[in-house]
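**Student:** This is the content of my_file_11.pdb (PDB, C-alpha atoms):
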ATOM      1  CA  MET A 167      10.007  -0.237  10.984  1.00  0.00           C
ATOM      2  CA  PHE A 168       6.824  -1.932  12.166  1.00  0.00           C
ATOM      3  CA  CYS A 169       5.520  -5.366  11.352  1.00  0.00           C
ATOM      4  CA  LEU A 170       1.827  -6.209  11.324  1.00  0.00           C
ATOM      5  CA  VAL A 171       0.982  -9.751  12.314  1.00  0.00           C
ATOM      6  CA  CYS A 172      -2.606 -10.812  11.719  1.00  0.00           C
ATOM      7  CA  SER A 173      -3.552 -11.717  15.225  1.00  0.00           C
ATOM      8  CA  GLY A 174      -6.375  -9.932  16.966  1.00  0.00           C
ATOM      9  CA  GLU A 175      -4.082  -8.074  19.366  1.00  0.00           C
ATOM     10  CA  ARG A 176      -1.659  -6.750  16.727  1.00  0.00           C
ATOM     11  CA  ALA A 177      -4.376  -5.899  14.171  1.00  0.00           C
ATOM     12  CA  ASP A 178      -6.100  -3.788  16.826  1.00  0.00           C
ATOM     13  CA  LEU A 179      -2.828  -1.925  17.387  1.00  0.00           C
ATOM     14  CA  VAL A 180      -3.037  -0.495  13.853  1.00  0.00           C
ATOM     15  CA  GLY A 181      -6.297   1.226  14.737  1.00  0.00           C
ATOM     16  CA  ARG A 182      -4.940   2.972  17.826  1.00  0.00           C
ATOM     17  CA  SER A 183      -2.723   5.544  16.087  1.00  0.00           C
ATOM     18  CA  GLY A 184      -5.476   8.150  16.157  1.00  0.00           C
ATOM     19  CA  ALA A 185      -5.461   8.803  12.395  1.00  0.00           C
ATOM     20  CA  ARG A 186      -8.640   9.975  10.747  1.00  0.00           C
ATOM     21  CA  LEU A 187      -9.908   7.539   8.139  1.00  0.00           C
ATOM     22  CA  LEU A 188     -10.664   8.347   4.505  1.00  0.00           C
ATOM     23  CA  LEU A 189     -13.747   6.202   4.151  1.00  0.00           C
ATOM     24  CA  ASP A 190     -15.423   8.174   1.340  1.00  0.00           C
ATOM     25  CA  TRP A 191     -12.301   8.577  -0.766  1.00  0.00           C
ATOM     26  CA  ALA A 192     -12.041   6.989  -4.223  1.00  0.00           C
ATOM     27  CA  SER A 193      -8.978   4.852  -4.867  1.00  0.00           C
ATOM     28  CA  LEU A 194      -6.245   5.848  -7.318  1.00  0.00           C
ATOM     29  CA  THR A 195      -4.429   3.493  -9.702  1.00  0.00           C
ATOM     30  CA  CYS A 196      -1.513   4.281 -11.988  1.00  0.00           C
ATOM     31  CA  SER A 197       1.379   2.536 -13.690  1.00  0.00           C
ATOM     32  CA  ASN A 198       4.817   2.835 -12.155  1.00  0.00           C
ATOM     33  CA  THR A 199       6.035   4.190 -15.504  1.00  0.00           C
ATOM     34  CA  ASP A 200       3.507   7.050 -15.417  1.00  0.00           C
ATOM     35  CA  LEU A 201       4.344   7.837 -11.786  1.00  0.00           C
ATOM     36  CA  ASN A 202       8.065   7.977 -12.602  1.00  0.00           C
ATOM     37  CA  THR A 203       7.370  10.259 -15.574  1.00  0.00           C
ATOM     38  CA  ILE A 204       5.298  12.664 -13.469  1.00  0.00           C
ATOM     39  CA  SER A 205       7.732  12.610 -10.532  1.00  0.00           C
ATOM     40  CA  SER A 206      10.677  13.445 -12.827  1.00  0.00           C
ATOM     41  CA  GLY A 207       8.891  16.630 -13.891  1.00  0.00           C
ATOM     42  CA  ARG A 208       8.344  15.525 -17.478  1.00  0.00           C
ATOM     43  CA  ILE A 209       4.947  16.402 -18.903  1.00  0.00           C
ATOM     44  CA  PRO A 210       3.397  13.543 -20.889  1.00  0.00           C
ATOM     45  CA  SER A 211       2.258  14.403 -24.412  1.00  0.00           C
ATOM     46  CA  THR A 212      -0.962  12.444 -23.902  1.00  0.00           C
ATOM     47  CA  THR A 213      -3.376  11.988 -21.049  1.00  0.00           C
ATOM     48  CA  SER A 214      -4.944   8.896 -19.560  1.00  0.00           C
ATOM     49  CA  PRO A 215      -6.610   7.824 -16.310  1.00  0.00           C
ATOM     50  CA  SER A 216      -3.240   6.429 -15.191  1.00  0.00           C
ATOM     51  CA  ILE A 217      -1.464   9.755 -15.774  1.00  0.00           C
ATOM     52  CA  ARG A 218      -4.263  11.669 -14.018  1.00  0.00           C
ATOM     53  CA  ASP A 219      -4.084   9.326 -11.020  1.00  0.00           C
ATOM     54  CA  ALA A 220      -0.255   9.420 -11.009  1.00  0.00           C
ATOM     55  CA  LYS A 221      -0.431  13.171 -10.365  1.00  0.00           C
ATOM     56  CA  HIS A 222      -2.690  12.588  -7.335  1.00  0.00           C
ATOM     57  CA  VAL A 223      -0.601   9.647  -6.066  1.00  0.00           C
ATOM     58  CA  LEU A 224       2.527  11.814  -6.228  1.00  0.00           C
ATOM     59  CA  ARG A 225       0.803  14.505  -4.136  1.00  0.00           C
ATOM     60  CA  TRP A 226      -0.078  11.881  -1.500  1.00  0.00           C
ATOM     61  CA  LEU A 227       3.445  10.443  -1.509  1.00  0.00           C
ATOM     62  CA  ASN A 228       4.914  13.909  -1.003  1.00  0.00           C
ATOM     63  CA  ALA A 229       2.390  14.931   1.668  1.00  0.00           C
ATOM     64  CA  PRO A 230       3.632  15.199   5.265  1.00  0.00           C
ATOM     65  CA  HIS A 231       2.867  12.045   7.211  1.00  0.00           C
ATOM     66  CA  THR A 232       3.105  10.937  10.805  1.00  0.00           C
ATOM     67  CA  TYR A 233       3.812   7.262  10.119  1.00  0.00           C
ATOM     68  CA  PHE A 234       4.732   5.186   7.091  1.00  0.00           C
ATOM     69  CA  VAL A 235       4.702   1.443   7.619  1.00  0.00           C
ATOM     70  CA  ARG A 236       5.672  -1.313   5.146  1.00  0.00           C
ATOM     71  CA  LEU A 237       3.757  -4.576   5.491  1.00  0.00           C
ATOM     72  CA  TYR A 238       6.188  -7.419   4.841  1.00  0.00           C
ATOM     73  CA  VAL A 239       4.449 -10.768   4.600  1.00  0.00           C
ATOM     74  CA  ALA A 240       6.149 -14.169   4.464  1.00  0.00           C
ATOM     75  CA  VAL A 241       4.912 -17.738   4.866  1.00  0.00           C
ATOM     76  CA  ARG A 242       6.624 -21.114   5.157  1.00  0.00           C
ATOM     77  CA  ASP A 243       5.377 -24.173   3.342  1.00  0.00           C
ATOM     78  CA  GLY A 244       5.308 -27.718   4.740  1.00  0.00           C
ATOM     79  CA  ARG A 245       8.981 -28.191   3.785  1.00  0.00           C
ATOM     80  CA  GLY A 246      10.122 -25.052   5.564  1.00  0.00           C
ATOM     81  CA  ARG A 247      10.685 -23.009   2.414  1.00  0.00           C
ATOM     82  CA  ARG A 248       9.968 -19.328   2.861  1.00  0.00           C
ATOM     83  CA  ARG A 249       7.951 -17.257   0.380  1.00  0.00           C
ATOM     84  CA  ARG A 250       7.537 -13.502   0.728  1.00  0.00           C
ATOM     85  CA  ASN A 251       5.761 -10.740  -1.118  1.00  0.00           C
ATOM     86  CA  GLU A 252       8.148  -8.952  -3.455  1.00  0.00           C
ATOM     87  CA  HIS A 253       6.240  -5.648  -3.457  1.00  0.00           C
ATOM     88  CA  PRO A 254       5.259  -4.966   0.173  1.00  0.00           C
ATOM     89  CA  PRO A 255       2.314  -2.619   0.566  1.00  0.00           C
ATOM     90  CA  GLY A 256       2.367   0.134   3.140  1.00  0.00           C
ATOM     91  CA  TRP A 257       0.142   2.564   4.954  1.00  0.00           C
ATOM     92  CA  ALA A 258       0.694   6.147   6.008  1.00  0.00           C
ATOM     93  CA  ASP A 259      -1.084   8.478   8.390  1.00  0.00           C
ATOM     94  CA  THR A 260      -1.462  11.973   6.935  1.00  0.00           C
ATOM     95  CA  ASP A 261      -3.354  15.054   8.094  1.00  0.00           C
ATOM     96  CA  GLN A 262      -6.164  14.033   5.725  1.00  0.00           C
ATOM     97  CA  GLY A 263      -6.325  10.457   7.016  1.00  0.00           C
ATOM     98  CA  ARG A 264      -4.786   7.043   6.548  1.00  0.00           C
ATOM     99  CA  VAL A 265      -3.881   5.758   3.091  1.00  0.00           C
ATOM    100  CA  LEU A 266      -2.914   2.267   1.921  1.00  0.00           C
ATOM    101  CA  LEU A 267      -0.353   1.979  -0.896  1.00  0.00           C
ATOM    102  CA  SER A 268       0.021  -1.241  -2.900  1.00  0.00           C
ATOM    103  CA  VAL A 269       2.136  -2.266  -5.887  1.00  0.00           C
ATOM    104  CA  ASP A 270       1.195  -5.355  -7.892  1.00  0.00           C
ATOM    105  CA  SER A 271       3.602  -7.657  -9.750  1.00  0.00           C
ATOM    106  CA  ALA A 272       2.922  -5.823 -13.048  1.00  0.00           C
ATOM    107  CA  GLY A 273       4.027  -2.474 -11.572  1.00  0.00           C
ATOM    108  CA  TRP A 274       0.605  -0.895 -11.066  1.00  0.00           C
ATOM    109  CA  ILE A 275       0.274   1.275  -7.973  1.00  0.00           C
ATOM    110  CA  SER A 276      -2.953   1.610  -5.981  1.00  0.00           C
ATOM    111  CA  LEU A 277      -3.624   4.158  -3.278  1.00  0.00           C
ATOM    112  CA  ALA A 278      -6.810   4.276  -1.208  1.00  0.00           C
ATOM    113  CA  GLY A 279      -8.143   5.461   2.105  1.00  0.00           C
ATOM    114  CA  ALA A 280      -7.796   2.728   4.692  1.00  0.00           C
ATOM    115  CA  ALA A 281      -9.515   1.654   7.865  1.00  0.00           C
ATOM    116  CA  PRO A 282      -7.689  -0.750  10.212  1.00  0.00           C
ATOM    117  CA  SER A 283      -9.784  -3.594   8.789  1.00  0.00           C
ATOM    118  CA  ASP A 284      -8.594  -2.740   5.234  1.00  0.00           C
ATOM    119  CA  ILE A 285      -4.973  -3.076   6.341  1.00  0.00           C
ATOM    120  CA  ALA A 286      -5.616  -6.369   8.130  1.00  0.00           C
ATOM    121  CA  ASN A 287      -7.534  -7.690   5.084  1.00  0.00           C
ATOM    122  CA  LYS A 288      -4.651  -6.733   2.783  1.00  0.00           C
ATOM    123  CA  VAL A 289      -2.151  -8.675   4.911  1.00  0.00           C
ATOM    124  CA  GLN A 290      -4.480 -11.680   5.057  1.00  0.00           C
ATOM    125  CA  ARG A 291      -4.936 -11.615   1.247  1.00  0.00           C
ATOM    126  CA  LEU A 292      -1.171 -11.439   0.730  1.00  0.00           C
ATOM    127  CA  ALA A 293      -0.588 -14.394   3.078  1.00  0.00           C
ATOM    128  CA  HIS A 294      -3.357 -16.371   1.334  1.00  0.00           C
ATOM    129  CA  ASP A 295      -1.879 -15.648  -2.108  1.00  0.00           C
ATOM    130  CA  LEU A 296       1.592 -16.713  -0.950  1.00  0.00           C
ATOM    131  CA  ARG A 297       0.266 -19.966   0.494  1.00  0.00           C
ATOM    132  CA  ASN A 298      -1.577 -20.734  -2.736  1.00  0.00           C
ATOM    133  CA  GLY A 299       1.286 -19.830  -5.059  1.00  0.00           C
ATOM    134  CA  SER A 300      -0.339 -16.716  -6.535  1.00  0.00           C
TER
END
Could you render the structure from this file as structure tokens?
**Tutor:**
Amino acid sequence: MFCLVCSGERADLVGRSGARLLLDWASLTCSNTDLNTISSGRIPSTTSPSIRDAKHVLRWLNAPHTYFVRLYVAVRDGRGRRRRNEHPPGWADTDQGRVLLSVDSAGWISLAGAAPSDIANKVQRLAHDLRNGS
């Protein structure tokens, strides 16, 4: 397991893996429920953008990858209490490029091509949200 700390030295390390970046790739968003339905092999009786994207997300999740890294973020407040993100995002290097996977608190999954700066920005946003109680 790797841990990304948002200092200049460590953030640069993310960009040195040699993965091609998917800069022109549209992001995908689906509900966790739709992804579970598709991954179980059940065919939904209706269609929606979430179901369509769930099919593509499942292909990416099942694709061979060189690395898969979870980005655990935690902060301490002034009293020493620790807060952490409950749904850690992750990134993976595939033959097609690097992808960033995120799950929000409502169970929606997002998958997008990621440059090293996208990964560093995601960690910084998570730390900011934890500090501000979001």
**Student:** Within 7 Å of region 266-273 of chain A, counting all atoms listed in the file, which residues qualify if same-chain residues fewer than 6 places away don't, as a list in words?
**Tutor:**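 The filter keeps Ser197, Asn198, His253, Pro255, Gly256, Trp257, Ala258, Gly279 and Ala280 of chain A.
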**Student:** The PyMOL selection byres ((chain A and resi 215) around 10) - which residues does that actually catch in the file I just gave you? List them as a list in words.
**Tutor:**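 That selection, the PyMOL selection byres ((chain A and resi 215) around 10), comes back as Leu194, Thr195, Cys196, Ser197, Thr213, Ser214, Ser216, Ile217, Arg218, Asp219 and Ala220 of chain A.
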**Student:** Applying the PyMOL selection byres ((chain A and resi 193) around 6) to the file I just gave you, which residues come out? Please list them as a list in words.
**Tutor:**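 Evaluating the PyMOL selection byres ((chain A and resi 193) around 6) on this file yields Ala192, Leu194, Leu277 and Ala278 of chain A.
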**Student:** If you measure from CA of Thr199 (chain A) to CA of His222 (chain A), what distance in Å do you get, rounded to one decimal?
**Tutor:**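 It comes out at 14.6 Å.
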**Student:** Please, what distance in Å, to one decimal, runs between CA of Leu296 (chain A) and CA of Leu227 (chain A)?
**Tutor:**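 Between these atoms lies a distance of 27.2 Å.
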**Student:** Give me, please, the distance in Å between CA of Thr232 (chain A) and CA of Trp274 (chain A), quoted to one decimal.
**Tutor:** 25.0 Å
**Student:** Quick one: residues within 9 Å of Tyr238 (chain A), all atoms listed in the file counted, chain neighbours fewer than 6 positions away excluded, as a short mmCIF file (atom, residue, chain, number, x, y, z; two decimals) with C-alpha atoms, keeping the file's coordinate frame?
**Tutor:**
data_model
loop_
_atom_site.label_atom_id
_atom_site.label_comp_id
_atom_site.auth_asym_id
_atom_site.auth_seq_id
_atom_site.Cartn_x
_atom_site.Cartn_y
_atom_site.Cartn_z
CA CYS A 169 5.52 -5.37 11.35
CA LEU A 170 1.83 -6.21 11.32
CA ARG A 250 7.54 -13.50 0.73
CA ASN A 251 5.76 -10.74 -1.12
CA GLU A 252 8.15 -8.95 -3.46
CA HIS A 253 6.24 -5.65 -3.46
CA PRO A 254 5.26 -4.97 0.17
CA PRO A 255 2.31 -2.62 0.57
CA GLY A 256 2.37 0.13 3.14
CA VAL A 289 -2.15 -8.68 4.91
#
**Student:** Taking the file as shown, what set of residues would the PyMOL selection byres ((chain A and resi 261) around 9) give back, as an NGL selection string?
**Tutor:** :A and (185-186 or 229-232 or 259-260 or 262-264)
**Student:** Of the residues A:Val223, A:Val265, A:Pro210, A:Gly299, which is the one nearest to Arg242 (chain A), using only C-alpha atoms?
**Tutor:**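 Between A:Val223, A:Val265, A:Pro210, A:Gly299, the residue approaching Arg242 (chain A) most closely is A:Gly299.
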**Student:** Just want the 12 Å neighbourhood of region 244-249 of chain A, counted on only C-alpha atoms, with same-chain residues fewer than 3 positions away dropped. Output as an mmCIF file with C-alpha atoms, in the frame of the given file.
**Tutor:**
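Writing the result to out-v6.cif gives the following:
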data_model
loop_
_atom_site.group_PDB
_atom_site.id
_atom_site.type_symbol
_atom_site.label_atom_id
_atom_site.label_comp_id
_atom_site.auth_asym_id
_atom_site.auth_seq_id
_atom_site.Cartn_x
_atom_site.Cartn_y
_atom_site.Cartn_z
ATOM 1 C CA TYR A 238 6.188 -7.419 4.841
ATOM 2 C CA VAL A 239 4.449 -10.768 4.600
ATOM 3 C CA ALA A 240 6.149 -14.169 4.464
ATOM 4 C CA VAL A 241 4.912 -17.738 4.866
ATOM 5 C CA GLU A 252 8.148 -8.952 -3.455
ATOM 6 C CA LEU A 292 -1.171 -11.439 0.730
ATOM 7 C CA ALA A 293 -0.588 -14.394 3.078
ATOM 8 C CA HIS A 294 -3.357 -16.371 1.334
ATOM 9 C CA ASP A 295 -1.879 -15.648 -2.108
ATOM 10 C CA LEU A 296 1.592 -16.713 -0.950
ATOM 11 C CA ARG A 297 0.266 -19.966 0.494
ATOM 12 C CA ASN A 298 -1.577 -20.734 -2.736
ATOM 13 C CA GLY A 299 1.286 -19.830 -5.059
ATOM 14 C CA SER A 300 -0.339 -16.716 -6.535
#
**Student:** As a tab-separated table (two decimals), in the coordinates of the input, please: region 240-251 of chain A completed to all heavy atoms.
**Tutor:**
chain	number	residue	atom	x	y	z
A	240	ALA	N	5.44	-12.96	4.88
A	240	ALA	CA	6.15	-14.17	4.46
A	240	ALA	C	5.45	-15.38	5.09
A	240	ALA	O	4.88	-15.28	6.17
A	240	ALA	CB	7.60	-14.12	4.90
A	241	VAL	N	5.48	-16.50	4.36
A	241	VAL	CA	4.91	-17.74	4.87
A	241	VAL	C	5.92	-18.86	4.61
A	241	VAL	O	6.79	-18.74	3.74
A	241	VAL	CB	3.56	-18.09	4.18
A	241	VAL	CG1	2.52	-17.03	4.50
A	241	VAL	CG2	3.72	-18.26	2.70
A	242	ARG	N	5.80	-19.92	5.37
A	242	ARG	CA	6.62	-21.11	5.16
A	242	ARG	C	5.70	-22.26	4.74
A	242	ARG	O	4.63	-22.43	5.30
A	242	ARG	CB	7.38	-21.50	6.42
A	242	ARG	CG	8.45	-20.49	6.77
A	242	ARG	CD	9.49	-21.10	7.69
A	242	ARG	NE	10.45	-20.10	8.10
A	242	ARG	CZ	11.56	-19.81	7.43
A	242	ARG	NH1	11.85	-20.44	6.33
A	242	ARG	NH2	12.39	-18.88	7.88
A	243	ASP	N	6.18	-23.02	3.77
A	243	ASP	CA	5.38	-24.17	3.34
A	243	ASP	C	5.70	-25.37	4.23
A	243	ASP	O	6.47	-25.26	5.19
A	243	ASP	CB	5.59	-24.48	1.85
A	243	ASP	CG	7.02	-24.90	1.53
A	243	ASP	OD1	7.80	-25.23	2.46
A	243	ASP	OD2	7.37	-24.89	0.33
A	244	GLY	N	5.12	-26.52	3.93
A	244	GLY	CA	5.31	-27.72	4.74
A	244	GLY	C	6.74	-28.20	4.78
A	244	GLY	O	7.13	-28.96	5.67
A	245	ARG	N	7.57	-27.79	3.82
A	245	ARG	CA	8.98	-28.19	3.78
A	245	ARG	C	9.91	-27.14	4.39
A	245	ARG	O	11.11	-27.26	4.32
A	245	ARG	CB	9.39	-28.47	2.34
A	245	ARG	CG	8.64	-29.62	1.75
A	245	ARG	CD	9.07	-29.87	0.35
A	245	ARG	NE	8.29	-30.98	-0.19
A	245	ARG	CZ	8.26	-31.27	-1.46
A	245	ARG	NH1	8.97	-30.57	-2.32
A	245	ARG	NH2	7.54	-32.29	-1.87
A	246	GLY	N	9.32	-26.09	4.93
A	246	GLY	CA	10.12	-25.05	5.56
A	246	GLY	C	10.64	-23.98	4.62
A	246	GLY	O	11.38	-23.11	5.04
A	247	ARG	N	10.26	-24.04	3.36
A	247	ARG	CA	10.68	-23.01	2.41
A	247	ARG	C	9.88	-21.73	2.65
A	247	ARG	O	8.67	-21.79	2.85
A	247	ARG	CB	10.50	-23.47	0.98
A	247	ARG	CG	11.47	-24.57	0.58
A	247	ARG	CD	11.22	-25.00	-0.82
A	247	ARG	NE	9.88	-25.61	-0.84
A	247	ARG	CZ	9.44	-26.42	-1.77
A	247	ARG	NH1	10.20	-26.71	-2.79
A	247	ARG	NH2	8.24	-26.94	-1.70
A	248	ARG	N	10.58	-20.63	2.59
A	248	ARG	CA	9.97	-19.33	2.86
A	248	ARG	C	9.60	-18.63	1.56
A	248	ARG	O	10.40	-18.59	0.62
A	248	ARG	CB	10.96	-18.47	3.65
A	248	ARG	CG	10.41	-17.16	4.08
A	248	ARG	CD	11.44	-16.46	4.98
A	248	ARG	NE	11.03	-15.10	5.18
A	248	ARG	CZ	11.70	-14.05	4.78
A	248	ARG	NH1	12.84	-14.18	4.16
A	248	ARG	NH2	11.25	-12.85	4.99
A	249	ARG	N	8.40	-18.08	1.51
A	249	ARG	CA	7.95	-17.26	0.38
A	249	ARG	C	7.55	-15.91	0.95
A	249	ARG	O	6.93	-15.84	2.01
A	249	ARG	CB	6.76	-17.90	-0.31
A	249	ARG	CG	7.10	-19.24	-0.94
A	249	ARG	CD	5.95	-19.79	-1.68
A	249	ARG	NE	5.68	-18.89	-2.81
A	249	ARG	CZ	4.65	-19.01	-3.60
A	249	ARG	NH1	3.77	-19.96	-3.42
A	249	ARG	NH2	4.47	-18.17	-4.60
A	250	ARG	N	7.89	-14.83	0.25
A	250	ARG	CA	7.54	-13.50	0.73
A	250	ARG	C	6.99	-12.67	-0.43
A	250	ARG	O	7.25	-12.97	-1.59
A	250	ARG	CB	8.72	-12.80	1.35
A	250	ARG	CG	9.81	-12.48	0.36
A	250	ARG	CD	11.01	-11.85	1.04
A	250	ARG	NE	12.06	-11.70	0.06
A	250	ARG	CZ	12.59	-10.54	-0.28
A	250	ARG	NH1	12.21	-9.44	0.32
A	250	ARG	NH2	13.52	-10.48	-1.19
A	251	ASN	N	6.26	-11.64	-0.08
A	251	ASN	CA	5.76	-10.74	-1.12
A	251	ASN	C	6.91	-9.84	-1.58
A	251	ASN	O	7.66	-9.32	-0.77
A	251	ASN	CB	4.55	-9.94	-0.65
A	251	ASN	CG	4.82	-9.04	0.53
A	251	ASN	OD1	5.61	-9.38	1.40
A	251	ASN	ND2	4.17	-7.92	0.57
